[in-house]
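The block underneath contains the structure these notes are about, expressed in structure tokens.
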Amino acid sequence: MTMREKPFAAAALALGALLPGVALAQDDASGEPEIVVTAPLEGSRIESLQGAEVLTRDAIVENLHGGLGDTLDSTPGIASTFFGAGASRPIIRGLGDDRVRVLQNGIGAIDASTASPDHAVTSDGLDAERIEVLRGSAALAYGGNAIGGVVNVLDQSIPTRSIEGVNFDGLAAYSSVDEGTQGAARLGFGAGDVAFNLSASARETEPYDTPVGTALNQWTSVRAYGAGAALVRDWGFAGLAVKRTEDQYGLLPHDEDEPGGRIEMEQTRIESRGDFRINVGPFDRLDYGVQHSDYEHTEFEGDGAAGTVFTSEGWEGRFEAHHSGDRLDGAIGLQFSDVDFGATGEEAFISATNTRDIGLFAVERYDLGGWGVEGGVRYEQREIDNVSAGARSFDNISASAGVFVRPAPNWFVGATLARTERAPTAIELFADGPHLATKSYEIGDGDLGQETATSIEASARFNSGPLRFEVNLYRIAFEDYIALVERGDVWWLDEDTETSGFAPDESDPGIPVDAEIFPVFNFTQQDATFTGGEISAAAQLFELGGFAITADAAYDLVRAKFDGGGHPPRIPPSTLTLGLEAENPHWTGRIEVVDTDKQSRLAAFETPTDGYTFLNAGLTFRPGGEASPWSLRIDGRNLTDEEGRVHSSFLKDELALPGRNVRFTLLASF
């Protein structure tokens with residue numbers, strides 16, 4: 001029996017070895033509980049009714065690889081779309097695209113990353129202070145397109161804390177697999193009650209090495225600059241920030257003998273946020289966030305000619321009023337957005353569209369100490385107006401109810417039932433054209449209706465002393481799940497004669513000899529079910545030579561199927577991580593094995609993906625101990641140089657993951 005053949009047995013054996021007779025640790029090294037601020041009912045991560053993860057700055061740096069999806073890929077329940085070195089988006093519990101919301105400081109990141117897997121997310125975590133992940137439906141707070149979860153990238157672009165004097169945080173890194181350099185710097189200073197923040201970050205990489213050769217044209221060049229200020233007083237804070245992001249990256253050539261194209265992206269984001277302590281009726285706190293983004297990217301052909309241009313310009317805002325008491329805590333909120341999205345050029349597969357959303361929600365939690373209940377409801381209206389196809393409007397209602405108990409000290413057990421409605425996106429409704437990134441011709445359906453998910457999730461967590469344990473189990477039943485599936489025919493394009501058309505199959509004699517041929521995919525609706533879970537544990541085993549020795553393990557699994565038969569495409573395989581760590585005030589060393597299972601549960605048009613096992617290791621040195629302003633990290637990834645391919649990637653058959661990589665990182669904070 002091998003680890004890959006019997007993942008459940010391996011996971012059970014590994015986790016079981018950690019559990020006997022050891023007391024538990026707090027949520028973080030300081031002994032303080034991790035507070036999740038992304039949820040409308042802010043509170044300790046361990047007492048969240050849905051699966052939640054908090055990545056601190058140290059955890060982000062340890063896992064910083066490529067785009068946001070790649071950085072989060074090691075988090076239980078999260079996978080990556082991995083479209084090469086330049087673009088990746090998180091997948092949560094098998095759900096991606098418009099079912100996972102990516103936020104910056106609690107407000108949507110207006111870009112084009114949900115339109116195509118080759119479009120990068122505008123926030124990659126390089127300058128983030130922390131990243132919070134809510135697994136499972138977060139639709140009550142963030143709308144139907146958070147039906148799979150939320151990723152919130154938090155920074156101090158708008159200072160939320162007062163600053164005395166001057167402080168500085170910096171990062172400089174080099175990676176061997178792509179001869180890459182990374183840098184980030186943040187300067188904060190105060191003037192009375194006003195706090196200022198200046199930031200800059202950059203990443204430059206060459207095409208990376210894989211066990212089967214160099215990845216063609218997989219270079220990146222990223223620059224980001226920001227400035228912000230806030231008034232910080234006893235009543236809270238209010239501030240304003242602006243951030244400019246410029247991103248360029250290469251695209252995999254259609255043929256290895258041809259030059260590859262590239263994408264040049266730019267975004268300017270202006271945001272304002274505030275958090276006020278008030279005393280108005282039952283409410284004791286009010287917070288708001290509003291932002292405007294102007295996004296554009298151009299896709300250049302291999303010969304340097306400008307091709308398709310994508311633009312996304314709009315604004316989003318949210319207001320929340322909170323109340324708290326001995327037993328009852330809650331929040332009511334308003335969220336709204338107005339975004340103009342467009343694509344022009346020969347490969348534009350959707351025409352200009354305006355999308356307007358407005359949502360009202362309320363969430364309440366009644367806590368009796370030993371047990372409690374939590375519930376909420378949201379009403380949301382979406383209006384989508386396409387310049388060619390006309391307008392559609394949708395009214396969505398989502399609701400959830402949950403119960404939790406604390407059966408013993410340091411234990412939290414909960415269950416929640418949710419019903420969520422998601423309106424289709426402009427692309428799902430109105431797409432009509434060749435999509436070269438996915439090598440297909442995509443056709444939307446203007447008659448699509450809402451997608452409805454009924455989900456149940458149960459969780460149990462234990463956290464005390466040198467042991468922590470967590471398990472989350474879920475089942476999501478979709479009615480009218482929207483999927484992009486193969487229609488059965490093909491579309492062809494002959495550039496020499498400037499003709500194109502549809503044909504029953506690629507052998508049709510009417511297709512010109514030199515024409516490019518694309519399979520036709522269309523958006524359809526059918527019922528589907530997603531079932532899975534995440535389990536993780538860590539235990540401090542003993543002390544040796546002044547080092548605390550800790551073992552940890554994590555396992556995640558998702559199974560998805562259409563109720564009428566078959567499977568949704570690009571569902572991530574299960575993953576098992578086993579780690580061993582040694583730490584004292586000056587040194588931290590870690591070694592881990594990450595085993596990714598094969599994927600053979602396939603959509604009709606997919607091919608199987610082999611499993612792989614990566615060996616990773618890291619060493620951190622803090623010259624001045626735990627309070628040292630300097631630290632040096634050496635991280636090794638895929639040290640055995642094993643070939644790995646990402647099943648959830650459109651490029652899995654053409655592009656392998658990076659091979660052996662050693663990264664050196666210098667961190668400073670003072």
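Chain identifiers are assigned as A, B, and so on, following the order in which chains appear in the structure tokens; residues are numbered from 1 within each chain, and ligands are numbered from 1 in order of appearance.
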Can you list, as a PDB file with all heavy atoms, in the first residue's frame, every protein, DNA or RNA residue that comes within 12 Å of Gln248 of chain A when you count only C-alpha atoms, leaving out same-chain residues fewer than 6 positions away?
```pdb
ATOM      1  N   ALA A  85       4.074  31.183 -14.822  1.00  0.00           N
ATOM      2  CA  ALA A  85       4.694  32.027 -13.802  1.00  0.00           C
ATOM      3  C   ALA A  85       3.928  33.312 -13.544  1.00  0.00           C
ATOM      4  O   ALA A  85       4.014  33.891 -12.465  1.00  0.00           O
ATOM      5  CB  ALA A  85       6.123  32.354 -14.220  1.00  0.00           C
ATOM      6  N   GLY A  86       3.145  33.785 -14.523  1.00  0.00           N
ATOM      7  CA  GLY A  86       2.574  35.115 -14.409  1.00  0.00           C
ATOM      8  C   GLY A  86       1.195  35.204 -13.816  1.00  0.00           C
ATOM      9  O   GLY A  86       0.799  36.272 -13.343  1.00  0.00           O
ATOM     10  N   ALA A  87       0.426  34.122 -13.829  1.00  0.00           N
ATOM     11  CA  ALA A  87      -0.976  34.222 -13.427  1.00  0.00           C
ATOM     12  C   ALA A  87      -1.409  32.979 -12.668  1.00  0.00           C
ATOM     13  O   ALA A  87      -1.168  31.855 -13.113  1.00  0.00           O
ATOM     14  CB  ALA A  87      -1.874  34.425 -14.650  1.00  0.00           C
ATOM     15  N   ASP A 118      -5.482  33.149 -17.775  1.00  0.00           N
ATOM     16  CA  ASP A 118      -4.196  33.784 -18.067  1.00  0.00           C
ATOM     17  C   ASP A 118      -4.137  35.222 -17.577  1.00  0.00           C
ATOM     18  O   ASP A 118      -3.130  35.903 -17.780  1.00  0.00           O
ATOM     19  CB  ASP A 118      -3.877  33.723 -19.566  1.00  0.00           C
ATOM     20  CG  ASP A 118      -4.870  34.508 -20.412  1.00  0.00           C
ATOM     21  OD1 ASP A 118      -6.053  34.558 -20.036  1.00  0.00           O
ATOM     22  OD2 ASP A 118      -4.465  35.045 -21.456  1.00  0.00           O
ATOM     23  N   HIS A 119      -5.200  35.701 -16.913  1.00  0.00           N
ATOM     24  CA  HIS A 119      -5.224  37.057 -16.375  1.00  0.00           C
ATOM     25  C   HIS A 119      -4.819  37.026 -14.904  1.00  0.00           C
ATOM     26  O   HIS A 119      -5.433  36.328 -14.099  1.00  0.00           O
ATOM     27  CB  HIS A 119      -6.624  37.665 -16.506  1.00  0.00           C
ATOM     28  CG  HIS A 119      -7.101  37.776 -17.918  1.00  0.00           C
ATOM     29  ND1 HIS A 119      -8.392  38.153 -18.251  1.00  0.00           N
ATOM     30  CD2 HIS A 119      -6.466  37.554 -19.101  1.00  0.00           C
ATOM     31  CE1 HIS A 119      -8.525  38.152 -19.558  1.00  0.00           C
ATOM     32  NE2 HIS A 119      -7.367  37.793 -20.099  1.00  0.00           N
ATOM     33  N   ALA A 120      -3.807  37.791 -14.559  1.00  0.00           N
ATOM     34  CA  ALA A 120      -3.278  37.780 -13.200  1.00  0.00           C
ATOM     35  C   ALA A 120      -4.184  38.541 -12.242  1.00  0.00           C
ATOM     36  O   ALA A 120      -4.873  39.493 -12.615  1.00  0.00           O
ATOM     37  CB  ALA A 120      -1.876  38.394 -13.177  1.00  0.00           C
ATOM     38  N   THR A 122      -4.510  41.208  -9.317  1.00  0.00           N
ATOM     39  CA  THR A 122      -3.702  42.414  -9.108  1.00  0.00           C
ATOM     40  C   THR A 122      -3.027  42.457  -7.743  1.00  0.00           C
ATOM     41  O   THR A 122      -2.212  43.334  -7.486  1.00  0.00           O
ATOM     42  CB  THR A 122      -4.554  43.681  -9.287  1.00  0.00           C
ATOM     43  OG1 THR A 122      -5.739  43.565  -8.497  1.00  0.00           O
ATOM     44  CG2 THR A 122      -4.948  43.860 -10.744  1.00  0.00           C
ATOM     45  N   ALA A 202       8.509  44.814  -5.938  1.00  0.00           N
ATOM     46  CA  ALA A 202       8.897  44.455  -7.307  1.00  0.00           C
ATOM     47  C   ALA A 202       9.262  42.980  -7.355  1.00  0.00           C
ATOM     48  O   ALA A 202       9.734  42.403  -6.366  1.00  0.00           O
ATOM     49  CB  ALA A 202      10.073  45.303  -7.778  1.00  0.00           C
ATOM     50  N   ARG A 203       9.036  42.369  -8.514  1.00  0.00           N
ATOM     51  CA  ARG A 203       9.453  40.995  -8.763  1.00  0.00           C
ATOM     52  C   ARG A 203       9.918  40.872 -10.200  1.00  0.00           C
ATOM     53  O   ARG A 203       9.252  41.339 -11.120  1.00  0.00           O
ATOM     54  CB  ARG A 203       8.298  40.022  -8.498  1.00  0.00           C
ATOM     55  CG  ARG A 203       8.690  38.566  -8.679  1.00  0.00           C
ATOM     56  CD  ARG A 203       7.592  37.596  -8.274  1.00  0.00           C
ATOM     57  NE  ARG A 203       6.526  37.509  -9.258  1.00  0.00           N
ATOM     58  CZ  ARG A 203       5.270  37.870  -9.052  1.00  0.00           C
ATOM     59  NH1 ARG A 203       4.938  38.381  -7.867  1.00  0.00           N
ATOM     60  NH2 ARG A 203       4.361  37.750  -9.985  1.00  0.00           N
ATOM     61  N   GLU A 204      11.085  40.263 -10.387  1.00  0.00           N
ATOM     62  CA  GLU A 204      11.633  40.007 -11.723  1.00  0.00           C
ATOM     63  C   GLU A 204      12.073  38.550 -11.775  1.00  0.00           C
ATOM     64  O   GLU A 204      12.847  38.098 -10.924  1.00  0.00           O
ATOM     65  CB  GLU A 204      12.844  40.905 -12.002  1.00  0.00           C
ATOM     66  CG  GLU A 204      12.552  42.391 -12.078  1.00  0.00           C
ATOM     67  CD  GLU A 204      12.045  42.820 -13.443  1.00  0.00           C
ATOM     68  OE1 GLU A 204      12.126  41.987 -14.383  1.00  0.00           O
ATOM     69  OE2 GLU A 204      11.584  43.966 -13.567  1.00  0.00           O
ATOM     70  N   THR A 205      11.584  37.802 -12.764  1.00  0.00           N
ATOM     71  CA  THR A 205      11.991  36.410 -12.905  1.00  0.00           C
ATOM     72  C   THR A 205      12.229  36.082 -14.371  1.00  0.00           C
ATOM     73  O   THR A 205      11.601  36.653 -15.269  1.00  0.00           O
ATOM     74  CB  THR A 205      10.923  35.445 -12.357  1.00  0.00           C
ATOM     75  OG1 THR A 205       9.734  35.551 -13.147  1.00  0.00           O
ATOM     76  CG2 THR A 205      10.594  35.756 -10.904  1.00  0.00           C
ATOM     77  N   ASN A 217       9.164  30.992 -22.260  1.00  0.00           N
ATOM     78  CA  ASN A 217       8.616  32.345 -22.193  1.00  0.00           C
ATOM     79  C   ASN A 217       7.932  32.658 -20.858  1.00  0.00           C
ATOM     80  O   ASN A 217       7.111  33.560 -20.779  1.00  0.00           O
ATOM     81  CB  ASN A 217       7.621  32.582 -23.343  1.00  0.00           C
ATOM     82  CG  ASN A 217       7.459  34.057 -23.679  1.00  0.00           C
ATOM     83  OD1 ASN A 217       8.438  34.805 -23.737  1.00  0.00           O
ATOM     84  ND2 ASN A 217       6.235  34.488 -23.892  1.00  0.00           N
ATOM     85  N   GLN A 218       8.299  31.944 -19.791  1.00  0.00           N
ATOM     86  CA  GLN A 218       7.635  32.142 -18.492  1.00  0.00           C
ATOM     87  C   GLN A 218       8.410  33.130 -17.625  1.00  0.00           C
ATOM     88  O   GLN A 218       8.892  32.805 -16.547  1.00  0.00           O
ATOM     89  CB  GLN A 218       7.453  30.803 -17.791  1.00  0.00           C
ATOM     90  CG  GLN A 218       6.493  29.865 -18.488  1.00  0.00           C
ATOM     91  CD  GLN A 218       5.113  30.487 -18.626  1.00  0.00           C
ATOM     92  OE1 GLN A 218       4.435  30.750 -17.636  1.00  0.00           O
ATOM     93  NE2 GLN A 218       4.696  30.749 -19.862  1.00  0.00           N
ATOM     94  N   TRP A 219       8.496  34.373 -18.091  1.00  0.00           N
ATOM     95  CA  TRP A 219       9.162  35.426 -17.339  1.00  0.00           C
ATOM     96  C   TRP A 219       8.101  36.352 -16.722  1.00  0.00           C
ATOM     97  O   TRP A 219       6.956  36.395 -17.158  1.00  0.00           O
ATOM     98  CB  TRP A 219      10.093  36.240 -18.246  1.00  0.00           C
ATOM     99  CG  TRP A 219       9.393  36.803 -19.458  1.00  0.00           C
ATOM    100  CD1 TRP A 219       9.233  36.210 -20.677  1.00  0.00           C
ATOM    101  CD2 TRP A 219       8.715  38.073 -19.539  1.00  0.00           C
ATOM    102  NE1 TRP A 219       8.504  37.010 -21.515  1.00  0.00           N
ATOM    103  CE2 TRP A 219       8.182  38.166 -20.856  1.00  0.00           C
ATOM    104  CE3 TRP A 219       8.517  39.109 -18.656  1.00  0.00           C
ATOM    105  CZ2 TRP A 219       7.461  39.283 -21.294  1.00  0.00           C
ATOM    106  CZ3 TRP A 219       7.791  40.229 -19.083  1.00  0.00           C
ATOM    107  CH2 TRP A 219       7.292  40.297 -20.393  1.00  0.00           C
ATOM    108  N   THR A 220       8.494  37.094 -15.705  1.00  0.00           N
ATOM    109  CA  THR A 220       7.583  38.059 -15.083  1.00  0.00           C
ATOM    110  C   THR A 220       8.333  39.335 -14.727  1.00  0.00           C
ATOM    111  O   THR A 220       9.542  39.322 -14.484  1.00  0.00           O
ATOM    112  CB  THR A 220       6.941  37.505 -13.789  1.00  0.00           C
ATOM    113  OG1 THR A 220       7.954  37.345 -12.785  1.00  0.00           O
ATOM    114  CG2 THR A 220       6.268  36.162 -14.040  1.00  0.00           C
ATOM    115  N   SER A 221       7.602  40.430 -14.679  1.00  0.00           N
ATOM    116  CA  SER A 221       8.133  41.717 -14.234  1.00  0.00           C
ATOM    117  C   SER A 221       6.992  42.500 -13.599  1.00  0.00           C
ATOM    118  O   SER A 221       6.059  42.921 -14.294  1.00  0.00           O
ATOM    119  CB  SER A 221       8.727  42.496 -15.412  1.00  0.00           C
ATOM    120  OG  SER A 221       9.205  43.762 -14.990  1.00  0.00           O
ATOM    121  N   VAL A 222       7.054  42.678 -12.279  1.00  0.00           N
ATOM    122  CA  VAL A 222       5.958  43.290 -11.531  1.00  0.00           C
ATOM    123  C   VAL A 222       6.487  44.477 -10.739  1.00  0.00           C
ATOM    124  O   VAL A 222       7.556  44.397 -10.116  1.00  0.00           O
ATOM    125  CB  VAL A 222       5.304  42.278 -10.570  1.00  0.00           C
ATOM    126  CG1 VAL A 222       4.100  42.905  -9.876  1.00  0.00           C
ATOM    127  CG2 VAL A 222       4.888  41.016 -11.314  1.00  0.00           C
ATOM    128  N   ARG A 223       5.738  45.562 -10.750  1.00  0.00           N
ATOM    129  CA  ARG A 223       6.042  46.743  -9.947  1.00  0.00           C
ATOM    130  C   ARG A 223       4.750  47.215  -9.281  1.00  0.00           C
ATOM    131  O   ARG A 223       3.691  47.226  -9.898  1.00  0.00           O
ATOM    132  CB  ARG A 223       6.583  47.892 -10.806  1.00  0.00           C
ATOM    133  CG  ARG A 223       7.875  47.577 -11.556  1.00  0.00           C
ATOM    134  CD  ARG A 223       9.070  47.624 -10.613  1.00  0.00           C
ATOM    135  NE  ARG A 223      10.322  47.510 -11.352  1.00  0.00           N
ATOM    136  CZ  ARG A 223      10.869  46.374 -11.735  1.00  0.00           C
ATOM    137  NH1 ARG A 223      10.254  45.228 -11.467  1.00  0.00           N
ATOM    138  NH2 ARG A 223      12.017  46.359 -12.391  1.00  0.00           N
ATOM    139  N   ALA A 224       4.838  47.620  -8.017  1.00  0.00           N
ATOM    140  CA  ALA A 224       3.687  48.194  -7.319  1.00  0.00           C
ATOM    141  C   ALA A 224       4.173  49.304  -6.397  1.00  0.00           C
ATOM    142  O   ALA A 224       5.215  49.162  -5.737  1.00  0.00           O
ATOM    143  CB  ALA A 224       2.941  47.134  -6.526  1.00  0.00           C
ATOM    144  N   GLY A 261       3.798  35.207 -26.697  1.00  0.00           N
ATOM    145  CA  GLY A 261       3.259  36.540 -26.478  1.00  0.00           C
ATOM    146  C   GLY A 261       3.479  36.993 -25.046  1.00  0.00           C
ATOM    147  O   GLY A 261       4.184  36.363 -24.256  1.00  0.00           O
ATOM    148  N   ARG A 262       2.842  38.096 -24.705  1.00  0.00           N
ATOM    149  CA  ARG A 262       2.981  38.630 -23.346  1.00  0.00           C
ATOM    150  C   ARG A 262       1.744  39.436 -23.005  1.00  0.00           C
ATOM    151  O   ARG A 262       0.958  39.822 -23.886  1.00  0.00           O
ATOM    152  CB  ARG A 262       4.228  39.510 -23.223  1.00  0.00           C
ATOM    153  CG  ARG A 262       4.143  40.853 -23.927  1.00  0.00           C
ATOM    154  CD  ARG A 262       5.428  41.645 -23.819  1.00  0.00           C
ATOM    155  NE  ARG A 262       5.294  43.012 -24.298  1.00  0.00           N
ATOM    156  CZ  ARG A 262       5.376  43.377 -25.576  1.00  0.00           C
ATOM    157  NH1 ARG A 262       5.592  42.463 -26.512  1.00  0.00           N
ATOM    158  NH2 ARG A 262       5.241  44.653 -25.914  1.00  0.00           N
ATOM    159  N   ILE A 263       1.560  39.669 -21.730  1.00  0.00           N
ATOM    160  CA  ILE A 263       0.505  40.544 -21.228  1.00  0.00           C
ATOM    161  C   ILE A 263       1.146  41.698 -20.480  1.00  0.00           C
ATOM    162  O   ILE A 263       2.071  41.500 -19.689  1.00  0.00           O
ATOM    163  CB  ILE A 263      -0.470  39.772 -20.313  1.00  0.00           C
ATOM    164  CG1 ILE A 263      -1.409  38.892 -21.152  1.00  0.00           C
ATOM    165  CG2 ILE A 263      -1.292  40.722 -19.444  1.00  0.00           C
ATOM    166  CD1 ILE A 263      -2.395  38.083 -20.351  1.00  0.00           C
ATOM    167  N   GLU A 264       0.678  42.905 -20.760  1.00  0.00           N
ATOM    168  CA  GLU A 264       1.094  44.096 -20.026  1.00  0.00           C
ATOM    169  C   GLU A 264      -0.143  44.666 -19.336  1.00  0.00           C
ATOM    170  O   GLU A 264      -1.111  45.042 -19.990  1.00  0.00           O
ATOM    171  CB  GLU A 264       1.721  45.129 -20.961  1.00  0.00           C
ATOM    172  CG  GLU A 264       3.040  44.672 -21.575  1.00  0.00           C
ATOM    173  CD  GLU A 264       3.731  45.761 -22.360  1.00  0.00           C
ATOM    174  OE1 GLU A 264       3.216  46.911 -22.348  1.00  0.00           O
ATOM    175  OE2 GLU A 264       4.770  45.476 -22.979  1.00  0.00           O
ATOM    176  N   MET A 265      -0.102  44.685 -18.013  1.00  0.00           N
ATOM    177  CA  MET A 265      -1.257  45.082 -17.216  1.00  0.00           C
ATOM    178  C   MET A 265      -0.908  46.275 -16.332  1.00  0.00           C
ATOM    179  O   MET A 265       0.218  46.394 -15.846  1.00  0.00           O
ATOM    180  CB  MET A 265      -1.717  43.902 -16.351  1.00  0.00           C
ATOM    181  CG  MET A 265      -2.889  44.204 -15.426  1.00  0.00           C
ATOM    182  SD  MET A 265      -2.367  44.760 -13.775  1.00  0.00           S
ATOM    183  CE  MET A 265      -1.873  43.206 -13.060  1.00  0.00           C
ATOM    184  N   GLU A 266      -1.898  47.135 -16.120  1.00  0.00           N
ATOM    185  CA  GLU A 266      -1.728  48.246 -15.196  1.00  0.00           C
ATOM    186  C   GLU A 266      -3.052  48.534 -14.506  1.00  0.00           C
ATOM    187  O   GLU A 266      -4.128  48.368 -15.081  1.00  0.00           O
ATOM    188  CB  GLU A 266      -1.219  49.494 -15.924  1.00  0.00           C
ATOM    189  CG  GLU A 266      -2.105  49.972 -17.053  1.00  0.00           C
ATOM    190  CD  GLU A 266      -1.492  51.130 -17.813  1.00  0.00           C
ATOM    191  OE1 GLU A 266      -0.248  51.255 -17.796  1.00  0.00           O
ATOM    192  OE2 GLU A 266      -2.245  51.907 -18.420  1.00  0.00           O
ATOM    193  N   GLN A 267      -2.940  48.919 -13.244  1.00  0.00           N
ATOM    194  CA  GLN A 267      -4.123  49.270 -12.470  1.00  0.00           C
ATOM    195  C   GLN A 267      -3.792  50.404 -11.511  1.00  0.00           C
ATOM    196  O   GLN A 267      -2.728  50.409 -10.876  1.00  0.00           O
ATOM    197  CB  GLN A 267      -4.635  48.072 -11.660  1.00  0.00           C
ATOM    198  CG  GLN A 267      -5.909  48.382 -10.857  1.00  0.00           C
ATOM    199  CD  GLN A 267      -6.194  47.363  -9.768  1.00  0.00           C
ATOM    200  OE1 GLN A 267      -5.363  47.124  -8.905  1.00  0.00           O
ATOM    201  NE2 GLN A 267      -7.369  46.753  -9.815  1.00  0.00           N
ATOM    202  N   GLU A 296      -6.435  48.005 -16.918  1.00  0.00           N
ATOM    203  CA  GLU A 296      -6.307  47.723 -18.353  1.00  0.00           C
ATOM    204  C   GLU A 296      -5.159  46.756 -18.579  1.00  0.00           C
ATOM    205  O   GLU A 296      -4.119  46.854 -17.934  1.00  0.00           O
ATOM    206  CB  GLU A 296      -6.053  49.010 -19.144  1.00  0.00           C
ATOM    207  CG  GLU A 296      -5.876  48.789 -20.645  1.00  0.00           C
ATOM    208  CD  GLU A 296      -5.684  50.081 -21.418  1.00  0.00           C
ATOM    209  OE1 GLU A 296      -6.568  50.965 -21.312  1.00  0.00           O
ATOM    210  OE2 GLU A 296      -4.652  50.226 -22.102  1.00  0.00           O
ATOM    211  N   HIS A 297      -5.374  45.805 -19.462  1.00  0.00           N
ATOM    212  CA  HIS A 297      -4.239  45.001 -19.897  1.00  0.00           C
ATOM    213  C   HIS A 297      -4.347  44.718 -21.387  1.00  0.00           C
ATOM    214  O   HIS A 297      -5.441  44.605 -21.942  1.00  0.00           O
ATOM    215  CB  HIS A 297      -4.076  43.723 -19.058  1.00  0.00           C
ATOM    216  CG  HIS A 297      -4.826  42.533 -19.526  1.00  0.00           C
ATOM    217  ND1 HIS A 297      -5.749  41.888 -18.735  1.00  0.00           N
ATOM    218  CD2 HIS A 297      -4.768  41.810 -20.678  1.00  0.00           C
ATOM    219  CE1 HIS A 297      -6.229  40.843 -19.370  1.00  0.00           C
ATOM    220  NE2 HIS A 297      -5.658  40.773 -20.562  1.00  0.00           N
ATOM    221  N   THR A 298      -3.172  44.619 -22.011  1.00  0.00           N
ATOM    222  CA  THR A 298      -3.066  44.367 -23.446  1.00  0.00           C
ATOM    223  C   THR A 298      -2.335  43.057 -23.659  1.00  0.00           C
ATOM    224  O   THR A 298      -1.295  42.810 -23.040  1.00  0.00           O
ATOM    225  CB  THR A 298      -2.308  45.507 -24.154  1.00  0.00           C
ATOM    226  OG1 THR A 298      -2.966  46.748 -23.885  1.00  0.00           O
ATOM    227  CG2 THR A 298      -2.254  45.275 -25.659  1.00  0.00           C
ATOM    228  N   GLU A 299      -2.887  42.222 -24.519  1.00  0.00           N
ATOM    229  CA  GLU A 299      -2.260  40.956 -24.865  1.00  0.00           C
ATOM    230  C   GLU A 299      -1.521  41.127 -26.192  1.00  0.00           C
ATOM    231  O   GLU A 299      -2.137  41.420 -27.221  1.00  0.00           O
ATOM    232  CB  GLU A 299      -3.312  39.851 -24.943  1.00  0.00           C
ATOM    233  CG  GLU A 299      -4.037  39.660 -23.615  1.00  0.00           C
ATOM    234  CD  GLU A 299      -5.076  38.549 -23.641  1.00  0.00           C
ATOM    235  OE1 GLU A 299      -5.271  37.952 -24.718  1.00  0.00           O
ATOM    236  OE2 GLU A 299      -5.684  38.283 -22.585  1.00  0.00           O
ATOM    237  N   PHE A 300      -0.202  40.952 -26.150  1.00  0.00           N
ATOM    238  CA  PHE A 300       0.649  41.126 -27.325  1.00  0.00           C
ATOM    239  C   PHE A 300       0.958  39.769 -27.943  1.00  0.00           C
ATOM    240  O   PHE A 300       1.208  38.785 -27.239  1.00  0.00           O
ATOM    241  CB  PHE A 300       1.949  41.833 -26.941  1.00  0.00           C
ATOM    242  CG  PHE A 300       1.770  43.276 -26.562  1.00  0.00           C
ATOM    243  CD1 PHE A 300       1.456  43.634 -25.258  1.00  0.00           C
ATOM    244  CD2 PHE A 300       1.910  44.281 -27.503  1.00  0.00           C
ATOM    245  CE1 PHE A 300       1.285  44.956 -24.898  1.00  0.00           C
ATOM    246  CE2 PHE A 300       1.746  45.611 -27.165  1.00  0.00           C
ATOM    247  CZ  PHE A 300       1.436  45.947 -25.853  1.00  0.00           C
TER     248      PHE A 300
END
```
- Query: Could you pull the residues within 12 Å of Gly444 of chain A, counting only C-alpha atoms, minus those fewer than 4 positions along the same chain, as a PyMOL selection string?
  - Reply: chain A and resi 349-351+389+424-434+448+482-485+487+520-525
- Task: Please give the complete set of residues from segment 232-425 of chain A that DSSP, run on the backbone, assigns to strand (DSSP E), formatted as a VMD selection string.
- Result: chain A and resid 232 to 233 236 to 250 262 to 280 283 to 300 306 to 323 328 to 344 353 to 367 371 to 386 390 to 405 411 to 422
- Query: Can you list, as a ChimeraX atom specification, every residue of segment 390-459 of chain A that DSSP puts in helix (DSSP H, G or I)?
  - Reply: /A:426-430,436-438
Written selection (N, CA, C and O atoms) as an mmCIF file, in the first residue's frame:
```cif
data_model
loop_
_atom_site.group_PDB
_atom_site.id
_atom_site.type_symbol
_atom_site.label_atom_id
_atom_site.label_comp_id
_atom_site.auth_asym_id
_atom_site.auth_seq_id
_atom_site.Cartn_x
_atom_site.Cartn_y
_atom_site.Cartn_z
ATOM 1 N N ALA A 426 -21.309 38.098 -16.660
ATOM 2 C CA ALA A 426 -21.443 38.568 -18.036
ATOM 3 C C ALA A 426 -20.847 37.570 -19.026
ATOM 4 O O ALA A 426 -21.405 37.342 -20.107
ATOM 5 N N ILE A 427 -19.729 36.961 -18.669
ATOM 6 C CA ILE A 427 -19.097 36.003 -19.577
ATOM 7 C C ILE A 427 -19.945 34.744 -19.709
ATOM 8 O O ILE A 427 -20.111 34.203 -20.810
ATOM 9 N N GLU A 428 -20.508 34.264 -18.596
ATOM 10 C CA GLU A 428 -21.367 33.082 -18.667
ATOM 11 C C GLU A 428 -22.610 33.347 -19.509
ATOM 12 O O GLU A 428 -23.146 32.437 -20.156
ATOM 13 N N LEU A 429 -23.065 34.581 -19.532
ATOM 14 C CA LEU A 429 -24.247 34.940 -20.302
ATOM 15 C C LEU A 429 -23.927 35.270 -21.757
ATOM 16 O O LEU A 429 -24.630 34.813 -22.670
ATOM 17 N N PHE A 430 -22.878 36.056 -21.977
ATOM 18 C CA PHE A 430 -22.730 36.719 -23.267
ATOM 19 C C PHE A 430 -21.464 36.369 -24.045
ATOM 20 O O PHE A 430 -21.250 36.912 -25.133
ATOM 21 N N LEU A 436 -8.167 32.098 -26.841
ATOM 22 C CA LEU A 436 -6.903 31.408 -27.114
ATOM 23 C C LEU A 436 -6.261 30.866 -25.846
ATOM 24 O O LEU A 436 -5.562 29.852 -25.890
ATOM 25 N N ALA A 437 -6.481 31.514 -24.700
ATOM 26 C CA ALA A 437 -5.866 31.031 -23.463
ATOM 27 C C ALA A 437 -6.328 29.622 -23.129
ATOM 28 O O ALA A 437 -5.566 28.804 -22.608
ATOM 29 N N THR A 438 -7.597 29.338 -23.383
ATOM 30 C CA THR A 438 -8.145 28.015 -23.095
ATOM 31 C C THR A 438 -8.243 27.144 -24.342
ATOM 32 O O THR A 438 -8.780 26.034 -24.284
#
```
